[in-house]
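Engineer: Provided herewith: query.pdb, PDB, C-alpha atoms and all ligand atoms.
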```pdb
ATOM      1  CA  MET A1093     111.906 104.132 109.818
ATOM      2  CA  PRO A1094     108.704 103.819 111.871
ATOM      3  CA  HIS A1095     105.818 102.203 110.030
ATOM      4  CA  VAL A1096     103.141 104.724 109.143
ATOM      5  CA  SER A1097      99.518 103.915 108.511
ATOM      6  CA  HIS A1098      98.017 104.181 105.078
ATOM      7  CA  PRO A1099      94.338 104.312 104.168
ATOM      8  CA  VAL A1100      94.506 100.945 102.397
ATOM      9  CA  SER A1101      96.041  99.174 105.375
ATOM     10  CA  GLN A1102      93.500 100.732 107.681
ATOM     11  CA  SER A1103      90.491  99.693 105.643
ATOM     12  CA  GLY A1104      91.377  96.028 105.384
ATOM     13  CA  ARG A1105      94.119  93.571 106.095
ATOM     14  CA  LEU A1106      96.718  94.853 103.684
ATOM     15  CA  TRP A1107     100.019  96.460 104.612
ATOM     16  CA  LEU A1108     101.896  98.843 102.332
ATOM     17  CA  SER A1109     105.446  99.799 103.313
ATOM     18  CA  PRO A1110     105.718 103.542 103.979
ATOM     19  CA  GLU A1111     107.734 104.053 100.808
ATOM     20  CA  VAL A1112     105.221 102.172  98.655
ATOM     21  CA  ALA A1113     102.242 103.860 100.328
ATOM     22  CA  ASP A1114     103.736 107.291  99.657
ATOM     23  CA  ALA A1115     104.551 106.487  96.036
ATOM     24  CA  VAL A1116     101.079 105.079  95.329
ATOM     25  CA  ALA A1117      99.390 108.059  96.974
ATOM     26  CA  ALA A1118     101.496 110.476  94.928
ATOM     27  CA  GLY A1119     101.043 108.571  91.641
ATOM     28  CA  ARG A1120     104.762 107.827  91.372
ATOM     29  CA  PRO A1121     105.888 104.667  89.520
ATOM     30  CA  VAL A1122     105.812 101.421  91.529
ATOM     31  CA  VAL A1123     106.664  97.881  90.391
ATOM     32  CA  ALA A1124     105.369  94.839  92.273
ATOM     33  CA  LEU A1125     107.737  91.859  92.552
ATOM     34  CA  GLU A1126     106.735  88.282  93.255
ATOM     35  CA  SER A1127     108.039  86.237  96.214
ATOM     36  CA  THR A1128     107.372  82.649  95.069
ATOM     37  CA  LEU A1129     110.165  83.001  92.555
ATOM     38  CA  LEU A1130     112.464  83.893  95.494
ATOM     39  CA  ALA A1131     111.198  81.274  97.952
ATOM     40  CA  HIS A1132     110.555  78.389  95.564
ATOM     41  CA  GLY A1133     112.088  79.279  92.194
ATOM     42  CA  LEU A1134     115.663  80.120  93.207
ATOM     43  CA  PRO A1135     117.984  78.257  95.599
ATOM     44  CA  ALA A1136     119.379  79.865  98.774
ATOM     45  CA  PRO A1137     121.553  81.875  99.177
ATOM     46  CA  GLN A1138     121.275  83.210  95.617
ATOM     47  CA  ASN A1139     117.605  84.018  96.224
ATOM     48  CA  ARG A1140     118.418  86.626  98.896
ATOM     49  CA  ALA A1141     120.966  88.318  96.634
ATOM     50  CA  ALA A1142     118.427  88.233  93.807
ATOM     51  CA  ALA A1143     115.792  89.898  95.990
ATOM     52  CA  ASP A1144     118.080  92.897  96.524
ATOM     53  CA  GLU A1145     119.261  92.898  92.952
ATOM     54  CA  LEU A1146     115.717  93.009  91.551
ATOM     55  CA  GLU A1147     114.756  95.861  93.849
ATOM     56  CA  SER A1148     117.914  97.746  92.787
ATOM     57  CA  ALA A1149     117.114  97.183  89.119
ATOM     58  CA  VAL A1150     113.662  98.722  89.625
ATOM     59  CA  ARG A1151     115.135 101.710  91.481
ATOM     60  CA  ALA A1152     117.836 102.222  88.861
ATOM     61  CA  HIS A1153     115.088 102.855  86.331
ATOM     62  CA  GLY A1154     113.180 105.320  88.471
ATOM     63  CA  ALA A1155     110.461 103.243  90.146
ATOM     64  CA  VAL A1156     109.819 102.027  93.688
ATOM     65  CA  PRO A1157     110.024  98.229  94.163
ATOM     66  CA  ALA A1158     107.259  96.483  96.104
ATOM     67  CA  THR A1159     107.999  92.842  96.821
ATOM     68  CA  VAL A1160     104.804  91.067  97.916
ATOM     69  CA  ALA A1161     104.366  88.301 100.525
ATOM     70  CA  VAL A1162     102.172  87.302 103.474
ATOM     71  CA  LEU A1163     103.939  87.436 106.865
ATOM     72  CA  ASP A1164     102.256  86.610 110.187
ATOM     73  CA  GLY A1165      98.941  86.655 108.376
ATOM     74  CA  MET A1166      99.450  90.155 106.958
ATOM     75  CA  PRO A1167      99.584  90.622 103.179
ATOM     76  CA  ARG A1168     102.517  92.977 102.622
ATOM     77  CA  VAL A1169     103.260  95.101  99.578
ATOM     78  CA  GLY A1170     106.815  96.367 100.004
ATOM     79  CA  LEU A1171     109.152  94.388 102.275
ATOM     80  CA  SER A1172     111.949  95.497 104.607
ATOM     81  CA  ALA A1173     115.378  93.808 104.540
ATOM     82  CA  SER A1174     114.479  91.555 107.468
ATOM     83  CA  GLU A1175     111.173  90.625 105.809
ATOM     84  CA  LEU A1176     113.080  89.694 102.638
ATOM     85  CA  ASP A1177     115.325  87.544 104.859
ATOM     86  CA  ARG A1178     112.256  85.663 106.041
ATOM     87  CA  VAL A1179     110.939  85.173 102.506
ATOM     88  CA  CYS A1180     114.306  83.794 101.368
ATOM     89  CA  GLY A1181     115.031  81.846 104.549
ATOM     90  CA  GLY A1182     113.328  78.646 103.512
ATOM     91  CA  ASP A1183     110.196  76.734 104.365
ATOM     92  CA  LEU A1184     107.609  79.273 103.297
ATOM     93  CA  ALA A1185     104.260  78.089 101.969
ATOM     94  CA  LYS A1186     103.478  78.782  98.324
ATOM     95  CA  LEU A1187     100.339  80.909  98.227
ATOM     96  CA  SER A1188      98.103  81.226  95.210
ATOM     97  CA  VAL A1189      94.831  83.186  95.433
ATOM     98  CA  ARG A1190      92.926  80.294  97.006
ATOM     99  CA  ASP A1191      95.501  80.233  99.812
ATOM    100  CA  LEU A1192      95.339  83.941 100.731
ATOM    101  CA  GLY A1193      92.236  83.660 102.913
ATOM    102  CA  PRO A1194      93.520  80.653 104.883
ATOM    103  CA  ALA A1195      97.040  82.117 105.330
ATOM    104  CA  VAL A1196      95.669  85.480 106.488
ATOM    105  CA  GLY A1197      92.889  84.006 108.609
ATOM    106  CA  LEU A1198      95.271  81.622 110.352
ATOM    107  CA  GLY A1199      98.095  84.128 110.755
ATOM    108  CA  ARG A1200     100.603  82.258 108.602
ATOM    109  CA  ASP A1201     103.560  83.171 106.356
ATOM    110  CA  GLY A1202     103.764  82.535 102.648
ATOM    111  CA  ALA A1203     105.309  83.521  99.341
ATOM    112  CA  THR A1204     102.882  84.739  96.701
ATOM    113  CA  THR A1205     102.585  83.355  93.162
ATOM    114  CA  VAL A1206     101.868  85.492  90.120
ATOM    115  CA  ALA A1207      98.132  85.087  90.791
ATOM    116  CA  ALA A1208      98.333  86.091  94.461
ATOM    117  CA  THR A1209     100.876  88.859  93.836
ATOM    118  CA  ALA A1210      98.712  90.392  91.105
ATOM    119  CA  THR A1211      95.678  90.254  93.410
ATOM    120  CA  LEU A1212      97.488  92.016  96.265
ATOM    121  CA  ALA A1213      99.192  94.504  93.923
ATOM    122  CA  GLN A1214      95.844  95.535  92.494
ATOM    123  CA  ALA A1215      94.401  95.927  96.001
ATOM    124  CA  ALA A1216      97.351  98.211  96.825
ATOM    125  CA  GLY A1217      96.890 100.333  93.698
ATOM    126  CA  VAL A1218      99.954  98.965  91.885
ATOM    127  CA  SER A1219      99.360  97.961  88.260
ATOM    128  CA  VAL A1220     102.795  96.917  86.959
ATOM    129  CA  PHE A1221     104.411  93.704  88.084
ATOM    130  CA  ALA A1222     107.646  91.933  87.100
ATOM    131  CA  THR A1223     108.439  88.240  87.363
ATOM    132  CA  GLY A1224     110.227  85.412  85.568
ATOM    133  CA  GLY A1225     107.698  82.968  84.221
ATOM    134  CA  LEU A1226     103.949  82.776  84.279
ATOM    135  CA  GLY A1227     102.110  79.656  85.390
ATOM    136  CA  GLY A1228      99.970  78.053  82.690
ATOM    137  CA  VAL A1229      98.331  74.912  81.397
ATOM    138  CA  HIS A1230     100.370  71.867  82.374
ATOM    139  CA  ARG A1231     101.113  69.050  79.952
ATOM    140  CA  GLY A1232      98.492  66.375  80.380
ATOM    141  CA  ALA A1233      95.999  68.878  81.776
ATOM    142  CA  ALA A1234      93.214  67.140  79.869
ATOM    143  CA  GLU A1235      93.571  64.331  82.438
ATOM    144  CA  THR A1236      94.929  66.134  85.508
ATOM    145  CA  TRP A1237      93.030  69.438  85.188
ATOM    146  CA  ASP A1238      96.263  71.135  86.315
ATOM    147  CA  VAL A1239      95.902  74.681  85.038
ATOM    148  CA  SER A1240      97.658  77.401  87.021
ATOM    149  CA  ALA A1241      95.396  79.839  88.849
ATOM    150  CA  ASP A1242      97.692  82.502  87.352
ATOM    151  CA  LEU A1243      95.522  82.392  84.227
ATOM    152  CA  ALA A1244      92.208  82.923  86.009
ATOM    153  CA  ALA A1245      93.774  85.659  88.114
ATOM    154  CA  LEU A1246      95.031  87.486  85.040
ATOM    155  CA  ALA A1247      91.559  87.257  83.528
ATOM    156  CA  GLY A1248      90.108  89.227  86.431
ATOM    157  CA  THR A1249      92.954  91.410  87.691
ATOM    158  CA  ALA A1250      93.960  94.638  85.984
ATOM    159  CA  VAL A1251      97.719  94.196  86.295
ATOM    160  CA  LEU A1252     100.369  94.263  83.564
ATOM    161  CA  VAL A1253     102.700  91.318  84.129
ATOM    162  CA  VAL A1254     106.181  91.608  82.643
ATOM    163  CA  CYS A1255     107.637  88.108  82.261
ATOM    164  CA  SER A1256     109.628  85.877  79.905
ATOM    165  CA  GLY A1257     106.671  83.811  78.793
ATOM    166  CA  VAL A1258     106.133  80.358  80.225
ATOM    167  CA  LYS A1259     108.439  77.419  80.676
ATOM    168  CA  SER A1260     108.576  74.659  78.106
ATOM    169  CA  ILE A1261     107.584  72.312  80.956
ATOM    170  CA  LEU A1262     104.042  73.579  80.318
ATOM    171  CA  ASP A1263     101.710  73.076  77.373
ATOM    172  CA  VAL A1264     102.583  76.372  75.674
ATOM    173  CA  PRO A1265      99.929  76.443  72.907
ATOM    174  CA  ALA A1266      97.176  75.507  75.380
ATOM    175  CA  THR A1267      98.352  78.298  77.696
ATOM    176  CA  LEU A1268      98.180  80.815  74.841
ATOM    177  CA  GLU A1269      94.716  79.553  73.893
ATOM    178  CA  MET A1270      93.490  80.037  77.431
ATOM    179  CA  LEU A1271      94.903  83.558  77.611
ATOM    180  CA  GLU A1272      93.000  84.305  74.404
ATOM    181  CA  THR A1273      89.784  82.843  75.844
ATOM    182  CA  GLU A1274      90.175  85.016  78.935
ATOM    183  CA  SER A1275      90.832  88.120  76.807
ATOM    184  CA  VAL A1276      94.311  88.680  78.218
ATOM    185  CA  PRO A1277      96.479  90.395  75.575
ATOM    186  CA  VAL A1278      99.974  88.984  75.112
ATOM    187  CA  LEU A1279     102.542  91.498  73.871
ATOM    188  CA  GLY A1280     105.936  90.383  72.630
ATOM    189  CA  TYR A1281     108.601  92.871  73.676
ATOM    190  CA  ARG A1282     110.785  93.455  70.608
ATOM    191  CA  THR A1283     109.851  89.973  69.404
ATOM    192  CA  ASP A1284     107.198  88.214  67.316
ATOM    193  CA  ALA A1285     107.731  84.927  69.169
ATOM    194  CA  PHE A1286     106.259  84.017  72.545
ATOM    195  CA  PRO A1287     109.319  83.486  74.761
ATOM    196  CA  GLY A1288     109.879  80.105  76.393
ATOM    197  CA  PHE A1289     111.628  81.320  79.574
ATOM    198  CA  TYR A1290     115.037  79.583  79.241
ATOM    199  CA  ARG A1291     114.780  79.918  75.453
ATOM    200  CA  ARG A1292     113.943  83.077  73.517
ATOM    201  CA  ASP A1293     111.424  81.404  71.236
ATOM    202  CA  SER A1294     108.831  78.886  72.437
ATOM    203  CA  GLY A1295     107.974  78.079  68.823
ATOM    204  CA  HIS A1296     104.665  79.933  69.027
ATOM    205  CA  PRO A1297     103.919  83.473  67.817
ATOM    206  CA  VAL A1298     102.567  86.345  69.896
ATOM    207  CA  PRO A1299      99.443  88.147  68.657
ATOM    208  CA  TRP A1300     100.963  91.613  69.246
ATOM    209  CA  ARG A1301     104.388  93.188  69.419
ATOM    210  CA  VAL A1302     105.602  96.394  71.071
ATOM    211  CA  ASP A1303     109.062  97.878  70.670
ATOM    212  CA  SER A1304     109.388 100.403  73.474
ATOM    213  CA  PRO A1305     108.222 101.037  77.046
ATOM    214  CA  ALA A1306     106.109 103.896  75.648
ATOM    215  CA  GLU A1307     104.297 101.525  73.275
ATOM    216  CA  ALA A1308     103.681  99.060  76.097
ATOM    217  CA  ALA A1309     102.297 101.883  78.244
ATOM    218  CA  ALA A1310     100.031 103.060  75.418
ATOM    219  CA  VAL A1311      98.613  99.563  75.003
ATOM    220  CA  TRP A1312      98.092  99.199  78.738
ATOM    221  CA  ARG A1313      96.292 102.550  78.977
ATOM    222  CA  ALA A1314      93.909 101.563  76.189
ATOM    223  CA  HIS A1315      93.416  98.057  77.572
ATOM    224  CA  ARG A1316      92.470  99.504  80.970
ATOM    225  CA  VAL A1317      89.547 101.209  79.269
ATOM    226  CA  LEU A1318      88.538  98.457  76.846
ATOM    227  CA  GLY A1319      89.703  95.209  78.426
ATOM    228  CA  ARG A1320      86.900  94.518  80.930
ATOM    229  CA  GLY A1321      89.233  94.529  83.917
ATOM    230  CA  ALA A1322      91.574  91.834  82.611
ATOM    231  CA  GLY A1323      95.339  91.902  83.012
ATOM    232  CA  ALA A1324      97.908  91.817  80.226
ATOM    233  CA  VAL A1325     101.185  90.015  79.601
ATOM    234  CA  LEU A1326     104.303  91.830  78.364
ATOM    235  CA  ALA A1327     106.607  89.008  77.322
ATOM    236  CA  GLN A1328     110.308  89.781  77.028
ATOM    237  CA  PRO A1329     112.745  87.071  75.889
ATOM    238  CA  VAL A1330     115.859  86.386  77.959
ATOM    239  CA  PRO A1331     118.864  88.404  76.674
ATOM    240  CA  VAL A1332     120.635  86.584  73.813
ATOM    241  CA  ALA A1333     123.857  86.119  75.798
ATOM    242  CA  ASP A1334     122.000  84.441  78.676
ATOM    243  CA  GLU A1335     119.828  81.991  76.730
ATOM    244  CA  LEU A1336     120.201  78.353  77.816
ATOM    245  CA  ASP A1337     121.839  76.095  75.237
ATOM    246  CA  ALA A1338     119.133  74.348  73.172
ATOM    247  CA  GLY A1339     120.574  70.840  73.534
ATOM    248  CA  LEU A1340     121.030  71.191  77.283
ATOM    249  CA  HIS A1341     117.524  72.603  77.600
ATOM    250  CA  ASP A1342     115.925  69.744  75.685
ATOM    251  CA  ARG A1343     117.813  67.106  77.675
ATOM    252  CA  LEU A1344     116.891  68.651  81.044
ATOM    253  CA  LEU A1345     113.272  68.961  80.001
ATOM    254  CA  ALA A1346     113.004  65.306  78.949
ATOM    255  CA  GLU A1347     114.755  64.125  82.118
ATOM    256  CA  GLY A1348     112.696  66.420  84.311
ATOM    257  CA  LEU A1349     109.388  65.222  82.902
ATOM    258  CA  ALA A1350     110.473  61.603  83.389
ATOM    259  CA  MET A1351     111.516  62.384  86.979
ATOM    260  CA  LEU A1352     108.096  63.892  87.744
ATOM    261  CA  ALA A1353     106.284  60.837  86.426
ATOM    262  CA  GLU A1354     108.608  58.457  88.277
ATOM    263  CA  ARG A1355     108.249  60.258  91.605
ATOM    264  CA  GLY A1356     104.562  60.985  91.168
ATOM    265  CA  VAL A1357     105.018  64.742  91.640
ATOM    266  CA  THR A1358     101.770  66.612  90.981
ATOM    267  CA  GLY A1359      99.925  69.865  91.631
ATOM    268  CA  LYS A1360     101.698  72.844  93.103
ATOM    269  CA  ASP A1361     104.930  70.879  93.600
ATOM    270  CA  VAL A1362     105.460  70.392  89.857
ATOM    271  CA  THR A1363     106.990  73.804  89.072
ATOM    272  CA  PRO A1364     109.419  73.936  92.040
ATOM    273  CA  ALA A1365     110.526  70.322  91.408
ATOM    274  CA  LEU A1366     111.285  71.017  87.756
ATOM    275  CA  LEU A1367     113.079  74.281  88.508
ATOM    276  CA  GLU A1368     115.290  72.489  90.981
ATOM    277  CA  HIS A1369     115.999  69.771  88.439
ATOM    278  CA  PHE A1370     117.087  72.385  85.885
ATOM    279  CA  HIS A1371     119.282  74.217  88.382
ATOM    280  CA  ALA A1372     120.934  71.008  89.607
ATOM    281  CA  GLY A1373     121.327  69.450  86.169
ATOM    282  CA  SER A1374     122.743  72.423  84.274
ATOM    283  CA  GLY A1375     125.721  73.145  86.532
ATOM    284  CA  GLY A1376     124.337  76.587  87.324
ATOM    285  CA  ALA A1377     123.622  77.612  83.722
ATOM    286  CA  SER A1378     119.833  77.627  84.162
ATOM    287  CA  LEU A1379     120.218  79.693  87.316
ATOM    288  CA  ARG A1380     122.215  82.324  85.415
ATOM    289  CA  THR A1381     119.518  82.353  82.718
ATOM    290  CA  ASN A1382     116.799  82.692  85.337
ATOM    291  CA  LEU A1383     118.543  85.560  87.147
ATOM    292  CA  ALA A1384     119.275  87.403  83.907
ATOM    293  CA  LEU A1385     115.699  87.290  82.692
ATOM    294  CA  VAL A1386     114.080  88.427  85.939
ATOM    295  CA  HIS A1387     116.592  91.272  86.135
ATOM    296  CA  ALA A1388     115.730  92.380  82.593
ATOM    297  CA  ASN A1389     112.014  92.111  83.370
ATOM    298  CA  ALA A1390     112.367  94.235  86.521
ATOM    299  CA  GLU A1391     114.134  96.904  84.446
ATOM    300  CA  LEU A1392     111.504  96.857  81.715
ATOM    301  CA  ALA A1393     108.629  96.936  84.214
ATOM    302  CA  ALA A1394     110.180 100.016  85.846
ATOM    303  CA  GLN A1395     110.506 101.734  82.479
ATOM    304  CA  VAL A1396     106.844 101.031  81.680
ATOM    305  CA  ALA A1397     105.742 102.183  85.151
ATOM    306  CA  VAL A1398     107.642 105.450  84.614
ATOM    307  CA  GLU A1399     105.860 105.966  81.278
ATOM    308  CA  LEU A1400     102.488 105.256  82.889
ATOM    309  CA  ALA A1401     103.111 107.642  85.768
ATOM    310  CA  ALA A1402     103.932 110.427  83.320
ATOM    311  CA  VAL A1403     100.397 110.289  81.923
ATOM    312  CA  PRO A1404      98.101 108.724  84.525
ATOM    313  CA  VAL A1405      95.811 105.873  83.465
ATOM    314  CA  PRO A1406      92.151 106.953  83.419
TER     315      PRO A1406
HETATM  316  N1  LIG B1501     107.245  79.701  86.490
HETATM  317  C1  LIG B1501     108.568  79.916  86.617
HETATM  318  N2  LIG B1501     109.098  80.184  87.833
HETATM  319  C2  LIG B1501     108.310  80.269  88.949
HETATM  320  C3  LIG B1501     106.913  80.070  88.795
HETATM  321  C4  LIG B1501     106.443  79.785  87.558
HETATM  322  O1  LIG B1501     109.284  79.860  85.622
HETATM  323  O2  LIG B1501     108.837  80.519  90.043
HETATM  324  C5  LIG B1501     106.030  80.206  89.978
HETATM  325  C6  LIG B1501     105.281  81.541  89.909
HETATM  326  O3  LIG B1501     105.131  82.024  91.224
HETATM  327  C7  LIG B1501     103.933  81.152  89.347
HETATM  328  C8  LIG B1501     103.740  79.801  90.001
HETATM  329  O4  LIG B1501     102.918  82.063  89.670
HETATM  330  O5  LIG B1501     105.027  79.197  89.958
HETATM  331  C9  LIG B1501     102.711  78.958  89.299
HETATM  332  O6  LIG B1501     102.513  77.813  90.066
HETATM  333  P1  LIG B1501     101.252  76.847  89.754
HETATM  334  O7  LIG B1501     101.548  76.246  88.418
HETATM  335  O8  LIG B1501     101.265  75.851  90.877
HETATM  336  O9  LIG B1501     100.059  77.744  89.752
HETATM  337 MN    MN B1502      98.858  73.740  89.379
END
```
Rewrite the structure of this file - the entire thing - as structure tokens.
Structural biologist:
Amino acid sequence: MPHVSHPVSQSGRLWLSPEVADAVAAGRPVVALESTLLAHGLPAPQNRAAADELESAVRAHGAVPATVAVLDGMPRVGLSASELDRVCGGDLAKLSVRDLGPAVGLGRDGATTVAATATLAQAAGVSVFATGGLGGVHRGAAETWDVSADLAALAGTAVLVVCSGVKSILDVPATLEMLETESVPVLGYRTDAFPGFYRRDSGHPVPWRVDSPAEAAAVWRAHRVLGRGAGAVLAQPVPVADELDAGLHDRLLAEGLAMLAERGVTGKDVTPALLEHFHAGSGGASLRTNLALVHANAELAAQVAVELAAVPVP
């Protein structure tokens, strides 16, 4: 299909695929998908299969998928099959919001984090976004100051992020505190517990619970009016059958944290290094958990996007 122009891509450096541009213009449901989880969170070749599978899950529930990345300096919302090949082909930079200007200005490629994906989704007119885990406050942040830019981005970007909470590798209560400070509502989906990614319960409660896509959509509509432009988190625990065994989880976490300290891994390399450690050390179990939860989040995000499209947000 030839690429058609869209007003957004003409006015600035932002490319929407024809399918995404048409859906946004017509007010049809669209779900943004993140590319860092493909490029840095999942090993090849499973990442390429996952990219297709997530897009199919969104379509199966009646929405248009829009995977986001920067290629040849162009921020893209909605990728073709060959563009997904590039994202999953290895060696892509990890782009948070601070990296968007440099990557675009210098004509580079990169996979977008939650923060950068939310920023580009909002610019494209897409307000629902599915991913696996949110970045947050790292353990030891009082010394290292390592707090994911995902939190600041959510504070100032009106996007609903459907995820499975944050990983136990982070400081979970500090992350929840910061989301509260930034006035980002956290909604448990059919749960009162904030999910811990591999595990259904991080040990910390959520302030609010919703039990259907319609309830999530109702909250999002109201938050768009009252929430001062902030995003929101819809946190869905991994399906019961796919939860990682508690003992295995705790062992991998302890080993992984020791490995980071030993190797001196810091900054933006921390999350990918720990994910790899979990995937390698669990004999594939953590990968199955990871794939199952992003799939479920893509489905739920599509259902919420369909609800929102039925009654447009003011
Ligand atoms: N958490 C996960 N899997 C991931 C990430 C986080 O369970 O793949 C990725 C997301 O792209 C998230 C980013 O936005 O890591 C956060 O990185 P940092 O902590 O460097 O901001
Ligand atoms: Mn960081």
Engineer: Residues contacting ligand MN 1502 (chain B) - anything with an atom at most 8 Å away, using all atoms listed in the file - can you give me those as a PyMOL selection string?
Structural biologist: chain A and resi 1227+1230+1238-1241+1358-1362
Engineer: Just to confirm, what's the straight-line distance from atom CA of A:Ala1142 to atom CA of A:Leu1130 in Å (one decimal)?
Structural biologist: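 Atom-to-atom, atom CA of A:Ala1142 to atom CA of A:Leu1130, that is 7.6 Å.
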Engineer: Residues picked by the PyMOL selection byres (((chain A and resi 1331) around 10) and not hetatm) here, as a VMD selection string?
Structural biologist: chain A and resid 1290 to 1292 1328 to 1330 1332 to 1335 1381 1384 to 1385 1388
Engineer: Given the file shown, enumerate the residues that the PyMOL selection byres (((chain A and resi 1275-1287) around 6) and not hetatm) captures and present them as JSON, numbers by chain.
Structural biologist: {"A": [1256, 1257, 1271, 1272, 1273, 1274, 1288, 1289, 1292, 1293, 1294, 1296, 1297, 1298, 1300, 1301, 1302, 1303, 1323, 1324, 1325, 1326, 1327, 1328, 1329]}
Engineer: Quick one: pull the distance between atom CA of A:Ala1377 and atom CA of A:Asp1337, Å, one decimal.
Structural biologist: 8.8 Å
